[in-house]
Amino acid sequence: MKERAMFATKMGVIAVTAGSAVGLGNIWKFPYETGVHGGGAFLLIYVACVLLVGVPVMLAEFIIGRSTHKNARSAMQILAPKRKGFTALSYMGISASIMILSFYSVVAGWIVEYLFQSLIGSMSGHTVAEYSDMFIAFTSSPWRSLLWTFLFLLMNYLILRKGIQKGIERISNFMMPILFILLIIFCINSLLLPNAMEGVKFLFNPDFSKVTPKMVVGAMGQAFFSLSLGLTGLLTYASYFSDKTPLVKSATIIAILDTFVAIMAGIIIFPAVFSFGLEPAAGPKLVFEILPNIFQQMPGGYFWSAAFFILLFFASITSTISMSEISITFFTEEYKMTRNKATAINTIIAIVFGSLCALSFNVLKDVKFLDLTIFDMFEYVSSNILLPLGGLGFALFVGWYIDKRIIHEQLTNFGERKITLLRPIIICIRYIAPVCIVLIFLYGLGYLDFIL
Ligand code: TRP
């Protein structure tokens, strides 16, 4: 058997895992979900979900991956050979990863188009209304949406096929800190806009009358999506961790970093929303309407918008690489397919579903299930249902079905690290995370209306 590669350094682990976690989920999805669900209360519930559900599920994925150094299905077979049912989680993970890749590529396609428009200089000099029309004109054109989605998937394919993801990750390792600095500059800029405090209040002042079952389900789904949890992505990464990687510390750092980036995106977007007199509940188009207005009022707008979209492009492609790796690793290790074939299959499926998602903003916009377009449906079902279900599976699997000794060994690196909160962490994996997920699902289904 071929030796599996390992991450060499602790920094490498954090950089690559954070590269997967930080993406459009933080900068596009978080602000729009917060806007749709009315602000502060959503943020608070989101943070609670990250702590009580996200971190424990991340640790569960880490434990499964690192203790076996195998892909999801083999790993679970090794850890609990009699519990075959759990291997279904890996199939669910693969389906969800392809669903996410499909709609994610459409949004990443918008980023590439906006980058292109920024570079040719047609991003500046418009009014607020014109920027809103620009997004509508762009998404309502079937060929433009398709073109940019294909282009993005093609780049994703070429990177994966040529096996140069390591190179991309290296580039993104220095792009990420730059993105971070840029976000700080944009935060300051937004806070200085007229009427900015209105937006800050919207983001940080929780209004509990806005709490609804839909919002709570959305906050949990957002936590899973943003942390790349529930579909074996981090499990696969952890199978490449060395025995020295501190799991608890890494999970904590990644969760804090990821949440910090999301909150920064909120601080950039909401003051601007109120300053320009736009609607916070605009949905998926929110960020695309607001950002051009922000660049426009900054001195040197051309530079800022081009820089921002390039960095966002890198943040997106490191995330789609990680999503694609889930099915590619699975196809190559389980079905003994060549890497090229596995990569081609992954891309072809994403092109088919990605096209449907892109077209659901124009020719297919009236095709709806339960009032959701195809795009919305892919997004809703994957983030709010499949990822939490996967997470529930991993937490139960680690908490209840594998040898307790393995949990201790993994969390403490075979006794080398002293973990102060070891017991509470195990309680979170065994009880708190699964109970929260189930309760939120039930609440979402309306079953708990009579109690709450
Ligand atoms: N977390 C990424 C983001 O916020 C998206 C992502 C990458 C993801 N890999 C994943 C989501 C695996 C779920 C599962 O943009």
# chains A, B, ... in the order shown; residues from 1 in each chain; ligands from 1
>>> select_by_dssp(residues="range 270-307 of chain A", states="helix (DSSP H, G or I)", output="ChimeraX atom specification")
/A:270-275,283-297,301-307
>>> write_last_selection(atoms="N, CA and C atoms", output="short mmCIF file (atom, residue, chain, number, x, y, z; two decimals), in the first residue's frame")
data_model
loop_
_atom_site.label_atom_id
_atom_site.label_comp_id
_atom_site.auth_asym_id
_atom_site.auth_seq_id
_atom_site.Cartn_x
_atom_site.Cartn_y
_atom_site.Cartn_z
N PHE A 270 -23.38 45.22 6.82
CA PHE A 270 -24.58 45.86 7.36
C PHE A 270 -24.52 47.37 7.51
N PRO A 271 -23.42 47.94 8.01
CA PRO A 271 -23.39 49.41 8.02
C PRO A 271 -23.62 49.97 6.61
N ALA A 272 -23.03 49.28 5.60
CA ALA A 272 -23.21 49.77 4.23
C ALA A 272 -24.66 49.63 3.77
N VAL A 273 -25.30 48.53 4.17
CA VAL A 273 -26.70 48.32 3.77
C VAL A 273 -27.54 49.51 4.24
N PHE A 274 -27.35 49.90 5.50
CA PHE A 274 -28.17 50.99 6.03
C PHE A 274 -27.72 52.32 5.48
N SER A 275 -26.42 52.45 5.27
CA SER A 275 -25.92 53.71 4.75
C SER A 275 -26.43 53.98 3.34
N GLY A 283 -31.43 38.52 0.51
CA GLY A 283 -31.14 37.13 0.11
C GLY A 283 -29.78 37.00 -0.55
N PRO A 284 -29.61 35.94 -1.39
CA PRO A 284 -28.29 35.64 -1.95
C PRO A 284 -27.63 36.80 -2.70
N LYS A 285 -28.42 37.77 -3.17
CA LYS A 285 -27.78 38.85 -3.94
C LYS A 285 -27.21 39.94 -3.04
N LEU A 286 -27.49 39.89 -1.73
CA LEU A 286 -27.12 40.98 -0.81
C LEU A 286 -25.69 41.48 -1.01
N VAL A 287 -24.74 40.57 -0.86
CA VAL A 287 -23.33 40.95 -0.88
C VAL A 287 -22.93 41.53 -2.24
N PHE A 288 -23.54 40.98 -3.30
CA PHE A 288 -23.19 41.43 -4.65
C PHE A 288 -23.76 42.82 -4.96
N GLU A 289 -24.82 43.18 -4.24
CA GLU A 289 -25.36 44.54 -4.41
C GLU A 289 -24.56 45.55 -3.61
N ILE A 290 -24.14 45.12 -2.41
CA ILE A 290 -23.51 46.06 -1.50
C ILE A 290 -22.04 46.34 -1.84
N LEU A 291 -21.27 45.25 -2.11
CA LEU A 291 -19.82 45.44 -2.28
C LEU A 291 -19.44 46.51 -3.32
N PRO A 292 -20.05 46.48 -4.53
CA PRO A 292 -19.64 47.50 -5.50
C PRO A 292 -19.86 48.93 -4.99
N ASN A 293 -20.92 49.12 -4.21
CA ASN A 293 -21.16 50.45 -3.65
C ASN A 293 -20.07 50.84 -2.66
N ILE A 294 -19.59 49.84 -1.92
CA ILE A 294 -18.53 50.12 -0.95
C ILE A 294 -17.25 50.52 -1.68
N PHE A 295 -16.88 49.75 -2.70
CA PHE A 295 -15.64 50.07 -3.45
C PHE A 295 -15.74 51.45 -4.08
N GLN A 296 -16.93 51.72 -4.58
CA GLN A 296 -17.19 52.96 -5.29
C GLN A 296 -16.89 54.20 -4.45
N GLN A 297 -17.24 54.12 -3.13
CA GLN A 297 -17.02 55.33 -2.34
C GLN A 297 -15.63 55.38 -1.73
N GLY A 301 -11.01 52.91 -5.69
CA GLY A 301 -11.99 51.81 -5.77
C GLY A 301 -11.61 50.71 -6.73
N TYR A 302 -11.00 51.07 -7.85
CA TYR A 302 -10.62 50.06 -8.85
C TYR A 302 -9.71 49.02 -8.22
N PHE A 303 -8.71 49.50 -7.51
CA PHE A 303 -7.76 48.61 -6.87
C PHE A 303 -8.45 47.72 -5.82
N TRP A 304 -9.26 48.36 -4.96
CA TRP A 304 -9.91 47.60 -3.88
C TRP A 304 -10.81 46.51 -4.43
N SER A 305 -11.59 46.84 -5.45
CA SER A 305 -12.53 45.82 -5.91
C SER A 305 -11.78 44.68 -6.59
N ALA A 306 -10.78 45.00 -7.39
CA ALA A 306 -10.02 43.91 -8.04
C ALA A 306 -9.35 43.05 -6.98
N ALA A 307 -8.71 43.69 -5.99
CA ALA A 307 -8.00 42.93 -4.95
C ALA A 307 -8.98 42.04 -4.18
#
>>> residues_around(residues="Ile269 in chain A", least_positions_apart="6", cutoff="12 Å", atoms="only C-alpha atoms", output="MDAnalysis selection string")
chainID A and resid 26:32 34:35 39 183 186:191 193 196 198:200 202:203 262:263 275:276 278:282 286:295
>>> closest_atom_pairs(of="chain A", to="ligand 1", cutoff="9 Å", atoms="only C-alpha atoms and all ligand atoms", output="JSON lines")
{"residue": "A:Ala18", "atom": "CA", "partner": "ligand 1", "partner_atom_place_in_ligand_line": "1 (N)", "distance": 8.5}
{"residue": "A:Gly19", "atom": "CA", "partner": "ligand 1", "partner_atom_place_in_ligand_line": "2 (C)", "distance": 8.2}
{"residue": "A:Ser20", "atom": "CA", "partner": "ligand 1", "partner_atom_place_in_ligand_line": "7 (C)", "distance": 4.8}
{"residue": "A:Ala21", "atom": "CA", "partner": "ligand 1", "partner_atom_place_in_ligand_line": "1 (N)", "distance": 3.7}
{"residue": "A:Val22", "atom": "CA", "partner": "ligand 1", "partner_atom_place_in_ligand_line": "4 (O)", "distance": 4.9}
{"residue": "A:Gly23", "atom": "CA", "partner": "ligand 1", "partner_atom_place_in_ligand_line": "15 (O)", "distance": 3.3}
{"residue": "A:Leu24", "atom": "CA", "partner": "ligand 1", "partner_atom_place_in_ligand_line": "15 (O)", "distance": 4.0}
{"residue": "A:Gly25", "atom": "CA", "partner": "ligand 1", "partner_atom_place_in_ligand_line": "4 (O)", "distance": 3.2}
{"residue": "A:Asn26", "atom": "CA", "partner": "ligand 1", "partner_atom_place_in_ligand_line": "4 (O)", "distance": 5.2}
{"residue": "A:Ile27", "atom": "CA", "partner": "ligand 1", "partner_atom_place_in_ligand_line": "4 (O)", "distance": 7.9}
{"residue": "A:Trp28", "atom": "CA", "partner": "ligand 1", "partner_atom_place_in_ligand_line": "15 (O)", "distance": 8.3}
{"residue": "A:Lys29", "atom": "CA", "partner": "ligand 1", "partner_atom_place_in_ligand_line": "4 (O)", "distance": 7.9}
{"residue": "A:Phe30", "atom": "CA", "partner": "ligand 1", "partner_atom_place_in_ligand_line": "4 (O)", "distance": 8.6}
{"residue": "A:Gly93", "atom": "CA", "partner": "ligand 1", "partner_atom_place_in_ligand_line": "14 (C)", "distance": 8.2}
{"residue": "A:Ala96", "atom": "CA", "partner": "ligand 1", "partner_atom_place_in_ligand_line": "14 (C)", "distance": 7.9}
{"residue": "A:Ser97", "atom": "CA", "partner": "ligand 1", "partner_atom_place_in_ligand_line": "14 (C)", "distance": 6.3}
{"residue": "A:Ile100", "atom": "CA", "partner": "ligand 1", "partner_atom_place_in_ligand_line": "11 (C)", "distance": 7.1}
{"residue": "A:Leu101", "atom": "CA", "partner": "ligand 1", "partner_atom_place_in_ligand_line": "6 (C)", "distance": 8.4}
{"residue": "A:Tyr104", "atom": "CA", "partner": "ligand 1", "partner_atom_place_in_ligand_line": "5 (C)", "distance": 8.1}
{"residue": "A:Gln222", "atom": "CA", "partner": "ligand 1", "partner_atom_place_in_ligand_line": "4 (O)", "distance": 8.5}
{"residue": "A:Ala223", "atom": "CA", "partner": "ligand 1", "partner_atom_place_in_ligand_line": "1 (N)", "distance": 8.9}
{"residue": "A:Phe224", "atom": "CA", "partner": "ligand 1", "partner_atom_place_in_ligand_line": "13 (C)", "distance": 6.5}
{"residue": "A:Phe225", "atom": "CA", "partner": "ligand 1", "partner_atom_place_in_ligand_line": "11 (C)", "distance": 4.2}
{"residue": "A:Ser226", "atom": "CA", "partner": "ligand 1", "partner_atom_place_in_ligand_line": "4 (O)", "distance": 3.7}
{"residue": "A:Leu227", "atom": "CA", "partner": "ligand 1", "partner_atom_place_in_ligand_line": "1 (N)", "distance": 4.8}
{"residue": "A:Ser228", "atom": "CA", "partner": "ligand 1", "partner_atom_place_in_ligand_line": "13 (C)", "distance": 3.6}
{"residue": "A:Leu229", "atom": "CA", "partner": "ligand 1", "partner_atom_place_in_ligand_line": "14 (C)", "distance": 5.0}
{"residue": "A:Gly230", "atom": "CA", "partner": "ligand 1", "partner_atom_place_in_ligand_line": "14 (C)", "distance": 6.3}
{"residue": "A:Leu231", "atom": "CA", "partner": "ligand 1", "partner_atom_place_in_ligand_line": "14 (C)", "distance": 5.4}
{"residue": "A:Thr232", "atom": "CA", "partner": "ligand 1", "partner_atom_place_in_ligand_line": "14 (C)", "distance": 7.3}
{"residue": "A:Gly233", "atom": "CA", "partner": "ligand 1", "partner_atom_place_in_ligand_line": "12 (C)", "distance": 5.0}
{"residue": "A:Leu234", "atom": "CA", "partner": "ligand 1", "partner_atom_place_in_ligand_line": "12 (C)", "distance": 7.4}
{"residue": "A:Asp258", "atom": "CA", "partner": "ligand 1", "partner_atom_place_in_ligand_line": "4 (O)", "distance": 8.1}
{"residue": "A:Ala262", "atom": "CA", "partner": "ligand 1", "partner_atom_place_in_ligand_line": "4 (O)", "distance": 8.9}
{"residue": "A:Ala315", "atom": "CA", "partner": "ligand 1", "partner_atom_place_in_ligand_line": "15 (O)", "distance": 7.6}
{"residue": "A:Ser316", "atom": "CA", "partner": "ligand 1", "partner_atom_place_in_ligand_line": "15 (O)", "distance": 6.4}
{"residue": "A:Thr318", "atom": "CA", "partner": "ligand 1", "partner_atom_place_in_ligand_line": "7 (C)", "distance": 7.7}
{"residue": "A:Ser319", "atom": "CA", "partner": "ligand 1", "partner_atom_place_in_ligand_line": "7 (C)", "distance": 4.1}
{"residue": "A:Thr320", "atom": "CA", "partner": "ligand 1", "partner_atom_place_in_ligand_line": "7 (C)", "distance": 6.0}
{"residue": "A:Ile321", "atom": "CA", "partner": "ligand 1", "partner_atom_place_in_ligand_line": "9 (N)", "distance": 7.8}
{"residue": "A:Ser322", "atom": "CA", "partner": "ligand 1", "partner_atom_place_in_ligand_line": "9 (N)", "distance": 5.2}
{"residue": "A:Met323", "atom": "CA", "partner": "ligand 1", "partner_atom_place_in_ligand_line": "9 (N)", "distance": 4.6}
{"residue": "A:Ser324", "atom": "CA", "partner": "ligand 1", "partner_atom_place_in_ligand_line": "9 (N)", "distance": 8.3}
{"residue": "A:Ile326", "atom": "CA", "partner": "ligand 1", "partner_atom_place_in_ligand_line": "12 (C)", "distance": 8.3}
{"residue": "A:Ser382", "atom": "CA", "partner": "ligand 1", "partner_atom_place_in_ligand_line": "13 (C)", "distance": 8.5}
{"residue": "A:Ser383", "atom": "CA", "partner": "ligand 1", "partner_atom_place_in_ligand_line": "13 (C)", "distance": 7.4}
{"residue": "A:Leu387", "atom": "CA", "partner": "ligand 1", "partner_atom_place_in_ligand_line": "13 (C)", "distance": 7.1}
>>> residues_around(residues="Leu179 in chain A", least_positions_apart="5", cutoff="9 Å", atoms="only C-alpha atoms", output="VMD selection string")
chain A and resid 174 184 307 to 308 311 to 312 315
>>> residues_around(residues="Phe353 in chain A", least_positions_apart="5", cutoff="8 Å", atoms="only C-alpha atoms", output="MDAnalysis selection string")
chainID A and resid 99 102:103
>>> residues_around(residues="range 69-85 of chain A", least_positions_apart="3", cutoff="6 Å", atoms="only C-alpha atoms", output="PyMOL selection string")
chain A and resi 65-66+88+90+236+239
>>> atom_distance(atom1="CA of Ser122 in chain A", atom2="CA of Thr139 in chain A")
16.8 Å
>>> closest_residue(among="A:Leu386, A:Ile254, A:Met377, A:Ile426", to="Lys404 in chain A", atoms="only C-alpha atoms")
A:Ile426
>>> decode(residues="range 412-448 of chain A", atoms="N, CA, C and O atoms", output="PDB file, in the first residue's frame")
ATOM      1  N   THR A 412      -5.822  13.448  23.556  1.00  0.00           N
ATOM      2  CA  THR A 412      -4.636  13.799  24.341  1.00  0.00           C
ATOM      3  C   THR A 412      -3.341  13.433  23.623  1.00  0.00           C
ATOM      4  O   THR A 412      -2.265  13.530  24.210  1.00  0.00           O
ATOM      5  N   ASN A 413      -3.411  13.022  22.365  1.00  0.00           N
ATOM      6  CA  ASN A 413      -2.239  12.538  21.629  1.00  0.00           C
ATOM      7  C   ASN A 413      -1.495  11.474  22.425  1.00  0.00           C
ATOM      8  O   ASN A 413      -0.318  11.624  22.741  1.00  0.00           O
ATOM      9  N   PHE A 414      -2.194  10.419  22.753  1.00  0.00           N
ATOM     10  CA  PHE A 414      -1.656   9.286  23.516  1.00  0.00           C
ATOM     11  C   PHE A 414      -1.058   9.733  24.843  1.00  0.00           C
ATOM     12  O   PHE A 414       0.027   9.303  25.228  1.00  0.00           O
ATOM     13  N   GLY A 415      -1.769  10.614  25.516  1.00  0.00           N
ATOM     14  CA  GLY A 415      -1.350  11.033  26.851  1.00  0.00           C
ATOM     15  C   GLY A 415      -0.300  12.127  26.870  1.00  0.00           C
ATOM     16  O   GLY A 415       0.117  12.567  27.932  1.00  0.00           O
ATOM     17  N   GLU A 416       0.113  12.576  25.694  1.00  0.00           N
ATOM     18  CA  GLU A 416       1.173  13.591  25.673  1.00  0.00           C
ATOM     19  C   GLU A 416       0.686  14.987  26.008  1.00  0.00           C
ATOM     20  O   GLU A 416       1.447  15.837  26.446  1.00  0.00           O
ATOM     21  N   ARG A 417      -0.578  15.254  25.721  1.00  0.00           N
ATOM     22  CA  ARG A 417      -1.111  16.593  25.985  1.00  0.00           C
ATOM     23  C   ARG A 417      -2.121  16.510  27.116  1.00  0.00           C
ATOM     24  O   ARG A 417      -2.920  15.576  27.170  1.00  0.00           O
ATOM     25  N   LYS A 418      -2.062  17.518  27.986  1.00  0.00           N
ATOM     26  CA  LYS A 418      -3.067  17.547  29.047  1.00  0.00           C
ATOM     27  C   LYS A 418      -4.216  18.431  28.569  1.00  0.00           C
ATOM     28  O   LYS A 418      -4.008  19.584  28.207  1.00  0.00           O
ATOM     29  N   ILE A 419      -5.410  17.871  28.511  1.00  0.00           N
ATOM     30  CA  ILE A 419      -6.546  18.666  28.050  1.00  0.00           C
ATOM     31  C   ILE A 419      -7.409  18.980  29.269  1.00  0.00           C
ATOM     32  O   ILE A 419      -8.021  18.081  29.856  1.00  0.00           O
ATOM     33  N   THR A 420      -7.456  20.249  29.649  1.00  0.00           N
ATOM     34  CA  THR A 420      -8.168  20.611  30.882  1.00  0.00           C
ATOM     35  C   THR A 420      -9.663  20.280  30.798  1.00  0.00           C
ATOM     36  O   THR A 420     -10.262  19.823  31.750  1.00  0.00           O
ATOM     37  N   LEU A 421     -10.240  20.531  29.637  1.00  0.00           N
ATOM     38  CA  LEU A 421     -11.688  20.357  29.557  1.00  0.00           C
ATOM     39  C   LEU A 421     -12.070  19.009  28.944  1.00  0.00           C
ATOM     40  O   LEU A 421     -13.108  18.886  28.299  1.00  0.00           O
ATOM     41  N   LEU A 422     -11.215  18.002  29.142  1.00  0.00           N
ATOM     42  CA  LEU A 422     -11.454  16.733  28.464  1.00  0.00           C
ATOM     43  C   LEU A 422     -12.854  16.170  28.715  1.00  0.00           C
ATOM     44  O   LEU A 422     -13.561  15.807  27.783  1.00  0.00           O
ATOM     45  N   ARG A 423     -13.248  16.138  29.985  1.00  0.00           N
ATOM     46  CA  ARG A 423     -14.569  15.550  30.274  1.00  0.00           C
ATOM     47  C   ARG A 423     -15.713  16.337  29.641  1.00  0.00           C
ATOM     48  O   ARG A 423     -16.554  15.756  28.955  1.00  0.00           O
ATOM     49  N   PRO A 424     -15.745  17.669  29.868  1.00  0.00           N
ATOM     50  CA  PRO A 424     -16.829  18.432  29.210  1.00  0.00           C
ATOM     51  C   PRO A 424     -16.828  18.247  27.687  1.00  0.00           C
ATOM     52  O   PRO A 424     -17.901  18.170  27.083  1.00  0.00           O
ATOM     53  N   ILE A 425     -15.642  18.118  27.090  1.00  0.00           N
ATOM     54  CA  ILE A 425     -15.600  17.956  25.632  1.00  0.00           C
ATOM     55  C   ILE A 425     -16.258  16.633  25.232  1.00  0.00           C
ATOM     56  O   ILE A 425     -17.068  16.557  24.310  1.00  0.00           O
ATOM     57  N   ILE A 426     -15.921  15.580  25.991  1.00  0.00           N
ATOM     58  CA  ILE A 426     -16.515  14.276  25.661  1.00  0.00           C
ATOM     59  C   ILE A 426     -18.031  14.310  25.887  1.00  0.00           C
ATOM     60  O   ILE A 426     -18.804  13.764  25.099  1.00  0.00           O
ATOM     61  N   ILE A 427     -18.452  15.023  26.950  1.00  0.00           N
ATOM     62  CA  ILE A 427     -19.904  15.138  27.192  1.00  0.00           C
ATOM     63  C   ILE A 427     -20.583  15.862  26.024  1.00  0.00           C
ATOM     64  O   ILE A 427     -21.675  15.497  25.583  1.00  0.00           O
ATOM     65  N   CYS A 428     -19.906  16.879  25.486  1.00  0.00           N
ATOM     66  CA  CYS A 428     -20.467  17.586  24.326  1.00  0.00           C
ATOM     67  C   CYS A 428     -20.624  16.647  23.142  1.00  0.00           C
ATOM     68  O   CYS A 428     -21.628  16.675  22.444  1.00  0.00           O
ATOM     69  N   ILE A 429     -19.598  15.808  22.898  1.00  0.00           N
ATOM     70  CA  ILE A 429     -19.679  14.908  21.738  1.00  0.00           C
ATOM     71  C   ILE A 429     -20.781  13.866  21.953  1.00  0.00           C
ATOM     72  O   ILE A 429     -21.563  13.575  21.056  1.00  0.00           O
ATOM     73  N   ARG A 430     -20.835  13.320  23.174  1.00  0.00           N
ATOM     74  CA  ARG A 430     -21.811  12.242  23.439  1.00  0.00           C
ATOM     75  C   ARG A 430     -23.238  12.733  23.546  1.00  0.00           C
ATOM     76  O   ARG A 430     -24.153  12.114  23.017  1.00  0.00           O
ATOM     77  N   TYR A 431     -23.424  13.811  24.329  1.00  0.00           N
ATOM     78  CA  TYR A 431     -24.799  14.220  24.622  1.00  0.00           C
ATOM     79  C   TYR A 431     -25.204  15.539  23.995  1.00  0.00           C
ATOM     80  O   TYR A 431     -26.211  15.616  23.300  1.00  0.00           O
ATOM     81  N   ILE A 432     -24.422  16.595  24.300  1.00  0.00           N
ATOM     82  CA  ILE A 432     -24.939  17.933  23.992  1.00  0.00           C
ATOM     83  C   ILE A 432     -25.131  18.155  22.492  1.00  0.00           C
ATOM     84  O   ILE A 432     -26.203  18.573  22.053  1.00  0.00           O
ATOM     85  N   ALA A 433     -24.092  17.829  21.703  1.00  0.00           N
ATOM     86  CA  ALA A 433     -24.227  18.069  20.262  1.00  0.00           C
ATOM     87  C   ALA A 433     -25.381  17.254  19.658  1.00  0.00           C
ATOM     88  O   ALA A 433     -26.249  17.824  18.980  1.00  0.00           O
ATOM     89  N   PRO A 434     -25.466  15.932  19.917  1.00  0.00           N
ATOM     90  CA  PRO A 434     -26.584  15.183  19.319  1.00  0.00           C
ATOM     91  C   PRO A 434     -27.951  15.704  19.781  1.00  0.00           C
ATOM     92  O   PRO A 434     -28.858  15.848  18.968  1.00  0.00           O
ATOM     93  N   VAL A 435     -28.055  16.016  21.082  1.00  0.00           N
ATOM     94  CA  VAL A 435     -29.361  16.478  21.583  1.00  0.00           C
ATOM     95  C   VAL A 435     -29.731  17.809  20.925  1.00  0.00           C
ATOM     96  O   VAL A 435     -30.868  18.005  20.481  1.00  0.00           O
ATOM     97  N   CYS A 436     -28.758  18.725  20.820  1.00  0.00           N
ATOM     98  CA  CYS A 436     -29.057  20.021  20.183  1.00  0.00           C
ATOM     99  C   CYS A 436     -29.510  19.810  18.738  1.00  0.00           C
ATOM    100  O   CYS A 436     -30.485  20.427  18.290  1.00  0.00           O
ATOM    101  N   ILE A 437     -28.811  18.940  18.015  1.00  0.00           N
ATOM    102  CA  ILE A 437     -29.178  18.747  16.599  1.00  0.00           C
ATOM    103  C   ILE A 437     -30.604  18.204  16.498  1.00  0.00           C
ATOM    104  O   ILE A 437     -31.428  18.712  15.736  1.00  0.00           O
ATOM    105  N   VAL A 438     -30.902  17.196  17.315  1.00  0.00           N
ATOM    106  CA  VAL A 438     -32.245  16.605  17.241  1.00  0.00           C
ATOM    107  C   VAL A 438     -33.304  17.628  17.644  1.00  0.00           C
ATOM    108  O   VAL A 438     -34.323  17.789  16.964  1.00  0.00           O
ATOM    109  N   LEU A 439     -33.047  18.367  18.734  1.00  0.00           N
ATOM    110  CA  LEU A 439     -34.034  19.362  19.177  1.00  0.00           C
ATOM    111  C   LEU A 439     -34.264  20.427  18.110  1.00  0.00           C
ATOM    112  O   LEU A 439     -35.403  20.817  17.849  1.00  0.00           O
ATOM    113  N   ILE A 440     -33.180  20.864  17.478  1.00  0.00           N
ATOM    114  CA  ILE A 440     -33.349  21.908  16.460  1.00  0.00           C
ATOM    115  C   ILE A 440     -34.141  21.367  15.272  1.00  0.00           C
ATOM    116  O   ILE A 440     -35.027  22.039  14.743  1.00  0.00           O
ATOM    117  N   PHE A 441     -33.884  20.132  14.892  1.00  0.00           N
ATOM    118  CA  PHE A 441     -34.679  19.535  13.813  1.00  0.00           C
ATOM    119  C   PHE A 441     -36.157  19.473  14.192  1.00  0.00           C
ATOM    120  O   PHE A 441     -37.037  19.838  13.418  1.00  0.00           O
ATOM    121  N   LEU A 442     -36.427  19.000  15.418  1.00  0.00           N
ATOM    122  CA  LEU A 442     -37.824  18.872  15.843  1.00  0.00           C
ATOM    123  C   LEU A 442     -38.496  20.240  15.899  1.00  0.00           C
ATOM    124  O   LEU A 442     -39.613  20.426  15.435  1.00  0.00           O
ATOM    125  N   TYR A 443     -37.745  21.194  16.440  1.00  0.00           N
ATOM    126  CA  TYR A 443     -38.259  22.566  16.516  1.00  0.00           C
ATOM    127  C   TYR A 443     -38.564  23.068  15.103  1.00  0.00           C
ATOM    128  O   TYR A 443     -39.617  23.647  14.844  1.00  0.00           O
ATOM    129  N   GLY A 444     -37.646  22.768  14.193  1.00  0.00           N
ATOM    130  CA  GLY A 444     -37.822  23.183  12.802  1.00  0.00           C
ATOM    131  C   GLY A 444     -39.051  22.557  12.179  1.00  0.00           C
ATOM    132  O   GLY A 444     -39.750  23.168  11.378  1.00  0.00           O
ATOM    133  N   LEU A 445     -39.315  21.344  12.547  1.00  0.00           N
ATOM    134  CA  LEU A 445     -40.485  20.677  11.983  1.00  0.00           C
ATOM    135  C   LEU A 445     -41.774  21.149  12.636  1.00  0.00           C
ATOM    136  O   LEU A 445     -42.861  20.762  12.246  1.00  0.00           O
ATOM    137  N   GLY A 446     -41.631  21.954  13.694  1.00  0.00           N
ATOM    138  CA  GLY A 446     -42.818  22.484  14.338  1.00  0.00           C
ATOM    139  C   GLY A 446     -43.350  21.603  15.448  1.00  0.00           C
ATOM    140  O   GLY A 446     -44.349  21.909  16.074  1.00  0.00           O
ATOM    141  N   TYR A 447     -42.627  20.495  15.746  1.00  0.00           N
ATOM    142  CA  TYR A 447     -43.136  19.591  16.774  1.00  0.00           C
ATOM    143  C   TYR A 447     -43.049  20.169  18.171  1.00  0.00           C
ATOM    144  O   TYR A 447     -43.722  19.729  19.072  1.00  0.00           O
ATOM    145  N   LEU A 448     -42.124  21.117  18.350  1.00  0.00           N
ATOM    146  CA  LEU A 448     -41.938  21.603  19.707  1.00  0.00           C
ATOM    147  C   LEU A 448     -42.721  22.879  19.970  1.00  0.00           C
ATOM    148  O   LEU A 448     -42.593  23.480  21.019  1.00  0.00           O
TER     149      LEU A 448
END
